[in-house]
$ cat structure08.txt   # compact mmCIF, C-alpha atoms and all ligand atoms
# COMPACT_ATOMS: atom_id res chain seq x y z
CA MET A 516 2.72 -42.91 -66.33
CA HIS A 517 5.25 -41.84 -63.73
CA TRP A 518 6.12 -38.53 -65.33
CA LYS A 519 2.48 -37.48 -65.13
CA ARG A 520 2.27 -38.16 -61.40
CA TRP A 521 5.56 -36.39 -60.96
CA GLY A 522 4.21 -33.41 -62.90
CA VAL A 523 1.09 -33.26 -60.74
CA GLY A 524 3.27 -33.37 -57.62
CA VAL A 525 5.40 -30.46 -58.84
CA LEU A 526 2.27 -28.46 -59.65
CA LEU A 527 0.82 -29.12 -56.19
CA VAL A 528 4.03 -28.03 -54.48
CA LEU A 529 4.26 -24.92 -56.67
CA GLY A 530 0.61 -24.11 -56.00
CA GLY A 531 1.20 -24.54 -52.28
CA LEU A 532 4.25 -22.25 -52.33
CA ILE A 533 2.37 -19.58 -54.28
CA GLY A 534 -0.51 -19.87 -51.79
CA LEU A 535 1.87 -19.40 -48.84
CA TRP A 536 3.54 -16.43 -50.52
CA ARG A 537 0.16 -14.80 -51.15
CA LEU A 538 -0.91 -15.49 -47.56
CA SER A 539 2.33 -13.96 -46.24
CA ASN A 540 1.65 -10.75 -48.20
CA ALA A 541 -2.15 -10.47 -47.85
CA ARG A 542 -2.88 -7.03 -46.37
CA GLY A 543 -6.31 -7.86 -45.03
CA PHE A 544 -6.09 -11.48 -43.92
CA GLN A 545 -4.11 -13.65 -41.51
CA LEU A 546 -4.79 -17.04 -39.98
CA PHE A 547 -5.04 -16.13 -36.28
CA GLY A 548 -6.03 -13.02 -34.35
CA ALA A 549 -7.16 -9.66 -35.64
CA LEU A 550 -5.63 -7.90 -38.64
CA HIS A 551 -6.66 -4.37 -39.57
CA HIS A 552 -5.62 -2.85 -42.87
CA ARG A 553 -8.38 -0.18 -42.62
CA VAL A 554 -11.63 0.31 -40.74
CA GLU A 555 -15.22 0.37 -42.01
CA ILE A 556 -16.47 3.89 -41.41
CA SER A 557 -18.38 6.51 -43.38
CA GLU A 558 -16.77 9.52 -41.67
CA ARG A 559 -13.85 11.03 -43.58
CA VAL A 560 -11.02 10.02 -41.27
CA VAL A 561 -7.66 8.50 -42.19
CA ALA A 562 -4.48 7.47 -40.38
CA LEU A 563 -1.15 8.59 -41.79
CA THR A 564 1.65 6.19 -40.81
CA PHE A 565 5.44 6.41 -41.15
CA ASP A 566 7.54 3.23 -40.98
CA ASP A 567 11.17 2.33 -40.26
CA GLY A 568 12.30 5.37 -38.24
CA PRO A 569 13.28 7.10 -36.20
CA GLY A 570 16.17 8.51 -38.21
CA PRO A 571 17.88 11.88 -38.56
CA ALA A 572 17.53 11.87 -42.37
CA ASN A 573 13.73 12.24 -42.38
CA THR A 574 12.03 12.17 -38.99
CA PRO A 575 12.78 15.81 -37.97
CA ALA A 576 11.50 17.09 -41.35
CA VAL A 577 8.37 14.92 -41.08
CA LEU A 578 7.72 16.28 -37.58
CA GLU A 579 8.07 19.88 -38.79
CA LEU A 580 5.66 19.20 -41.65
CA LEU A 581 3.08 17.55 -39.39
CA SER A 582 3.36 20.37 -36.87
CA ARG A 583 2.87 22.98 -39.62
CA HIS A 584 -0.30 21.20 -40.75
CA GLN A 585 -1.39 20.34 -37.19
CA VAL A 586 -1.74 16.67 -38.06
CA LYS A 587 -1.13 13.72 -35.74
CA ALA A 588 0.37 10.58 -37.28
CA THR A 589 1.57 7.15 -36.19
CA PHE A 590 5.25 6.15 -36.39
CA PHE A 591 5.97 2.40 -36.57
CA MET A 592 9.52 2.37 -35.25
CA VAL A 593 12.31 -0.18 -35.58
CA GLY A 594 13.78 -1.05 -32.16
CA ARG A 595 17.35 -0.84 -33.37
CA ASN A 596 16.72 2.69 -34.66
CA ILE A 597 15.12 3.74 -31.36
CA GLU A 598 18.32 2.56 -29.63
CA SER A 599 20.42 4.77 -31.92
CA HIS A 600 18.07 7.79 -31.78
CA ARG A 601 16.25 7.71 -28.45
CA GLU A 602 15.94 11.51 -28.26
CA LEU A 603 14.24 11.54 -31.67
CA ALA A 604 11.78 8.83 -30.62
CA ALA A 605 11.01 10.82 -27.46
CA ARG A 606 10.50 13.96 -29.55
CA VAL A 607 7.96 12.18 -31.79
CA LEU A 608 6.04 11.18 -28.66
CA ALA A 609 6.34 14.64 -27.08
CA GLU A 610 4.83 16.21 -30.21
CA GLY A 611 1.66 14.16 -29.71
CA HIS A 612 2.08 11.39 -32.26
CA GLN A 613 1.49 7.69 -31.65
CA LEU A 614 4.43 5.29 -31.60
CA GLY A 615 4.07 1.73 -32.86
CA ASN A 616 6.26 -1.38 -32.82
CA HIS A 617 7.79 -2.40 -36.17
CA SER A 618 10.08 -5.18 -34.77
CA TYR A 619 13.62 -4.83 -33.44
CA SER A 620 15.74 -5.68 -36.49
CA HIS A 621 13.29 -5.27 -39.41
CA GLU A 622 13.94 -8.83 -40.56
CA ARG A 623 11.07 -10.73 -42.16
CA LEU A 624 9.10 -12.43 -39.38
CA VAL A 625 8.16 -15.45 -41.48
CA LEU A 626 9.67 -18.93 -41.16
CA ARG A 627 11.08 -17.90 -37.75
CA SER A 628 10.75 -19.51 -34.34
CA PRO A 629 8.15 -18.22 -31.87
CA SER A 630 10.96 -17.17 -29.50
CA PHE A 631 12.68 -15.10 -32.21
CA VAL A 632 9.40 -13.38 -33.10
CA GLU A 633 8.55 -12.77 -29.43
CA GLN A 634 11.98 -11.22 -28.81
CA GLU A 635 11.69 -8.95 -31.85
CA ILE A 636 8.41 -7.63 -30.42
CA SER A 637 9.27 -7.49 -26.71
CA ARG A 638 12.67 -5.77 -27.15
CA THR A 639 10.99 -3.00 -29.13
CA ASP A 640 8.09 -2.72 -26.66
CA ALA A 641 10.67 -2.26 -23.88
CA LEU A 642 12.50 0.48 -25.83
CA LEU A 643 9.20 2.26 -26.54
CA ARG A 644 8.32 2.13 -22.83
CA GLU A 645 11.78 3.55 -22.00
CA VAL A 646 11.14 6.60 -24.17
CA GLY A 647 7.82 7.11 -22.37
CA VAL A 648 5.11 5.32 -24.38
CA ARG A 649 2.05 4.47 -22.26
CA GLY A 650 -1.02 2.41 -23.15
CA ASP A 651 -1.49 0.17 -26.17
CA ILE A 652 1.37 -0.21 -28.63
CA PRO A 653 0.14 -1.11 -32.11
CA PHE A 654 2.29 -3.64 -34.00
CA ARG A 655 3.09 -3.80 -37.72
CA ALA A 656 5.27 -6.54 -39.23
CA PRO A 657 8.34 -5.63 -41.29
CA PHE A 658 7.32 -5.68 -44.97
CA GLY A 659 3.76 -6.36 -43.72
CA LYS A 660 4.69 -10.07 -43.92
CA LYS A 661 3.29 -12.82 -41.74
CA LEU A 662 2.43 -16.50 -42.01
CA PHE A 663 1.72 -18.68 -38.98
CA VAL A 664 4.02 -17.84 -36.07
CA LEU A 665 3.63 -14.05 -35.96
CA PRO A 666 -0.21 -14.03 -36.01
CA TRP A 667 -0.17 -16.76 -33.37
CA VAL A 668 2.24 -14.80 -31.12
CA LEU A 669 0.17 -11.61 -31.53
CA SER A 670 -3.13 -13.40 -30.88
CA ARG A 671 -1.72 -14.89 -27.66
CA GLN A 672 -0.88 -11.32 -26.60
CA GLY A 673 -4.44 -10.23 -27.52
CA ARG A 674 -2.89 -7.72 -29.84
CA PRO A 675 -4.12 -6.74 -33.30
CA HIS A 676 -1.82 -6.56 -36.32
CA VAL A 677 -2.14 -3.17 -38.02
CA THR A 678 -1.20 -3.05 -41.69
CA PHE A 679 -2.34 -0.61 -44.41
CA ASP A 680 -4.59 -0.32 -47.44
CA VAL A 681 -2.90 2.65 -49.15
CA VAL A 682 0.59 1.73 -50.33
CA PRO A 683 2.28 4.20 -52.70
CA ASP A 684 5.57 2.20 -52.66
CA ASP A 685 7.63 5.21 -51.59
CA HIS A 686 10.55 2.88 -50.81
CA ALA A 687 10.74 2.25 -54.59
CA THR A 688 10.06 5.77 -55.92
CA GLN A 689 10.76 9.25 -54.61
CA ASP A 690 8.66 10.93 -57.28
CA ALA A 691 6.49 13.15 -55.08
CA ALA A 692 3.77 13.60 -57.72
CA LEU A 693 3.50 9.83 -58.27
CA ILE A 694 3.41 9.06 -54.52
CA THR A 695 0.73 11.74 -54.04
CA SER A 696 -1.48 10.53 -56.90
CA ARG A 697 -1.23 6.89 -55.79
CA VAL A 698 -2.32 7.85 -52.27
CA LEU A 699 -5.14 10.14 -53.37
CA GLU A 700 -6.54 7.49 -55.77
CA ALA A 701 -6.56 4.74 -53.15
CA THR A 702 -7.66 6.64 -50.02
CA GLN A 703 -11.20 6.20 -48.71
CA PRO A 704 -12.80 6.83 -45.30
CA GLY A 705 -11.05 4.61 -42.74
CA SER A 706 -7.86 4.15 -44.78
CA ILE A 707 -4.42 3.57 -43.30
CA ILE A 708 -1.72 5.21 -45.45
CA LEU A 709 1.84 3.85 -45.51
CA LEU A 710 4.82 6.18 -45.94
CA HIS A 711 8.41 5.81 -44.72
CA ASP A 712 10.69 8.02 -42.59
CA GLY A 713 13.51 5.52 -41.99
CA TRP A 714 17.12 5.27 -43.18
CA ALA A 715 17.95 7.01 -46.52
CA PRO A 716 16.72 10.57 -47.17
CA LYS A 717 13.20 10.57 -48.61
CA PRO A 718 12.53 14.09 -49.89
CA GLY A 719 9.82 12.78 -52.25
CA SER A 720 7.93 11.11 -49.40
CA ILE A 721 8.07 14.28 -47.30
CA GLU A 722 6.95 16.53 -50.14
CA ALA A 723 4.18 14.05 -50.99
CA ALA A 724 3.05 13.96 -47.35
CA GLY A 725 2.49 17.73 -47.47
CA ARG A 726 0.50 17.51 -50.71
CA ILE A 727 -1.51 14.53 -49.43
CA ILE A 728 -2.43 16.36 -46.22
CA GLU A 729 -3.50 19.49 -48.11
CA SER A 730 -5.58 17.56 -50.68
CA LEU A 731 -7.28 15.28 -48.19
CA LYS A 732 -8.04 18.18 -45.83
CA ALA A 733 -9.59 20.03 -48.79
CA GLN A 734 -11.80 16.95 -49.35
CA GLY A 735 -12.97 17.16 -45.74
CA TYR A 736 -10.75 14.45 -44.26
CA ARG A 737 -9.25 14.64 -40.80
CA PHE A 738 -6.18 12.81 -39.62
CA VAL A 739 -6.15 10.57 -36.54
CA THR A 740 -3.69 8.11 -35.00
CA VAL A 741 -4.01 4.38 -35.62
CA SER A 742 -5.49 3.74 -32.17
CA GLU A 743 -7.99 6.57 -32.63
CA LEU A 744 -8.95 5.17 -36.05
CA LEU A 745 -9.48 1.65 -34.66
CA ALA A 746 -11.60 3.08 -31.83
CA LEU A 747 -13.67 5.14 -34.30
CA GLY A 748 -14.11 1.97 -36.38
CA GLY A 749 -15.47 0.13 -33.35
CA VAL A 750 -12.41 -2.09 -32.83
CA ALA A 751 -12.03 -3.03 -29.17
CA PRO A 752 -8.71 -1.95 -27.61
CA ALA A 753 -6.00 -4.58 -27.17
CA ARG A 754 -5.98 -6.66 -23.98
CA GLY A 755 -3.32 -6.11 -21.34
ZN ZN B 801 9.31 -1.42 -42.58
$ encode --input "structure08.txt" --output "structure tokens"
Amino acid sequence: MHWKRWGVGVLLVLGGLIGLWRLSNARGFQLFGALHHRVEISERVVALTFDDGPGPANTPAVLELLSRHQVKATFFMVGRNIESHRELAARVLAEGHQLGNHSYSHERLVLRSPSFVEQEISRTDALLREVGVRGDIPFRAPFGKKLFVLPWVLSRQGRPHVTFDVVPDDHATQDAALITSRVLEATQPGSIILLHDGWAPKPGSIEAAGRIIESLKAQGYRFVTVSELLALGGVAPARG
């Protein structure tokens, strides 16, 4: 019966597409190279990360908050935003935080050519170097998405992909209490927490960050940068 074969074919294609979609979003797995969404460690350490900046709407307020709590964080910056706000990127660095690469344009790096992906990474590396970043630059894909090309490009560079295991979805809600409770429920030793400081004002994220820092400190946690967390977790530093 032809319709049966046809039906099986449609199911296989659908199954394949769902599999690819799940692979593109998986926080803890990719096909090539190293991916870290947290580290295995018993010590109460976590990395607080802020994506999509720098931007005048949130980054200065985040910096003031972190300085008040004496916490170092990691900022995964979008190259285009560094270009527009170089002095802000330099200020983040000067205040002792780590800067990471979050692509140049923040477009999804799936179903793209290797040269497009390489340019997205190298343009932003160059901008980060211009504002004074030395040493390893951790990379995080826009939307955390990857399939084949991005992991392959990163693995050729000997560079790990750093994602997150604590995702309060603060791009979708600015309810500070909800963001805080989602983070506190999901955090464990070695966690990497994802918040955002880019583009539109995010008063809920900033208020939540303060509450998260106070609660986790009260539970005995200390805050380290992504590179410090990977080192504590026994992850070898990136090549080159
Ligand atoms: Zn992002």
$ residues_near_ligand --input "structure08.txt" --ligand "ligand ZN 801 (chain B)" --cutoff "9 Å" --atoms "all atoms listed in the file" --output "ChimeraX atom specification"
/A:565-568,591-593,617-618,621-622,655-659,711,713
$ residues_around --input "structure08.txt" --residues "Leu578 in chain A" --least-positions-apart "4" --cutoff "9 Å" --atoms "all atoms listed in the file" --output "PDB file with C-alpha atoms, in the frame of the given file"
ATOM      1  CA  ASN A 573      13.730  12.240 -42.380  1.00  0.00           C
ATOM      2  CA  THR A 574      12.030  12.170 -38.990  1.00  0.00           C
ATOM      3  CA  SER A 582       3.360  20.370 -36.870  1.00  0.00           C
ATOM      4  CA  ARG A 583       2.870  22.980 -39.620  1.00  0.00           C
ATOM      5  CA  ARG A 606      10.500  13.960 -29.550  1.00  0.00           C
ATOM      6  CA  VAL A 607       7.960  12.180 -31.790  1.00  0.00           C
ATOM      7  CA  GLU A 610       4.830  16.210 -30.210  1.00  0.00           C
TER       8      GLU A 610
END
$ residues_around --input "structure08.txt" --residues "range 683-691 of chain A" --least-positions-apart "3" --cutoff "12 Å" --atoms "only C-alpha atoms" --output "VMD selection string"
chain A and resid 565 to 567 658 679 to 680 694 to 702 707 to 727
$ atom_distance --input "structure08.txt" --atom1 "CA of Leu624 in chain A" --atom2 "CA of Arg537 in chain A"
15.0 Å
$ residues_around --input "structure08.txt" --residues "Val560 in chain A" --least-positions-apart "3" --cutoff "9 Å" --atoms "all atoms listed in the file" --output "MDAnalysis selection string"
chainID A and resid 556:557 703:706 735:739 744 747
$ residues_around --input "structure08.txt" --residues "Gly673 in chain A" --least-positions-apart "6" --cutoff "12 Å" --atoms "all atoms listed in the file" --output "PyMOL selection string"
chain A and resi 547-550+651-654+666-667+751-755
$ residues_near_point --input "structure08.txt" --point "(0.5, -12.2, -41.8)" --cutoff "9 Å" --atoms "all atoms listed in the file" --output "JSON, numbers by chain"
{"A": [538, 539, 540, 541, 542, 543, 544, 545, 546, 547, 550, 624, 625, 656, 659, 660, 661, 662, 663, 664, 665, 666, 676]}
$ write_last_selection --input "structure08.txt" --atoms "C-alpha atoms" --output "PDB file, in the frame of the given file"
ATOM      1  CA  LEU A 538      -0.910 -15.490 -47.560  1.00  0.00           C
ATOM      2  CA  SER A 539       2.330 -13.960 -46.240  1.00  0.00           C
ATOM      3  CA  ASN A 540       1.650 -10.750 -48.200  1.00  0.00           C
ATOM      4  CA  ALA A 541      -2.150 -10.470 -47.850  1.00  0.00           C
ATOM      5  CA  ARG A 542      -2.880  -7.030 -46.370  1.00  0.00           C
ATOM      6  CA  GLY A 543      -6.310  -7.860 -45.030  1.00  0.00           C
ATOM      7  CA  PHE A 544      -6.090 -11.480 -43.920  1.00  0.00           C
ATOM      8  CA  GLN A 545      -4.110 -13.650 -41.510  1.00  0.00           C
ATOM      9  CA  LEU A 546      -4.790 -17.040 -39.980  1.00  0.00           C
ATOM     10  CA  PHE A 547      -5.040 -16.130 -36.280  1.00  0.00           C
ATOM     11  CA  LEU A 550      -5.630  -7.900 -38.640  1.00  0.00           C
ATOM     12  CA  LEU A 624       9.100 -12.430 -39.380  1.00  0.00           C
ATOM     13  CA  VAL A 625       8.160 -15.450 -41.480  1.00  0.00           C
ATOM     14  CA  ALA A 656       5.270  -6.540 -39.230  1.00  0.00           C
ATOM     15  CA  GLY A 659       3.760  -6.360 -43.720  1.00  0.00           C
ATOM     16  CA  LYS A 660       4.690 -10.070 -43.920  1.00  0.00           C
ATOM     17  CA  LYS A 661       3.290 -12.820 -41.740  1.00  0.00           C
ATOM     18  CA  LEU A 662       2.430 -16.500 -42.010  1.00  0.00           C
ATOM     19  CA  PHE A 663       1.720 -18.680 -38.980  1.00  0.00           C
ATOM     20  CA  VAL A 664       4.020 -17.840 -36.070  1.00  0.00           C
ATOM     21  CA  LEU A 665       3.630 -14.050 -35.960  1.00  0.00           C
ATOM     22  CA  PRO A 666      -0.210 -14.030 -36.010  1.00  0.00           C
ATOM     23  CA  HIS A 676      -1.820  -6.560 -36.320  1.00  0.00           C
TER      24      HIS A 676
END
$ closest_residue --input "structure08.txt" --among "A:Val528, A:Val750, A:Val682, A:Leu626" --to "Val554 in chain A" --atoms "all atoms listed in the file"
A:Val750
$ residues_around --input "structure08.txt" --residues "Asp640 in chain A" --least-positions-apart "2" --cutoff "12 Å" --atoms "all atoms listed in the file" --output "JSON, numbers by chain"
{"A": [591, 592, 593, 594, 595, 597, 598, 614, 615, 616, 617, 618, 619, 633, 634, 635, 636, 637, 638, 642, 643, 644, 645, 646, 647, 648, 649, 650, 651, 652, 653, 654]}
$ atom_distance --input "structure08.txt" --atom1 "CA of Glu602 in chain A" --atom2 "CA of Ala562 in chain A"
24.1 Å
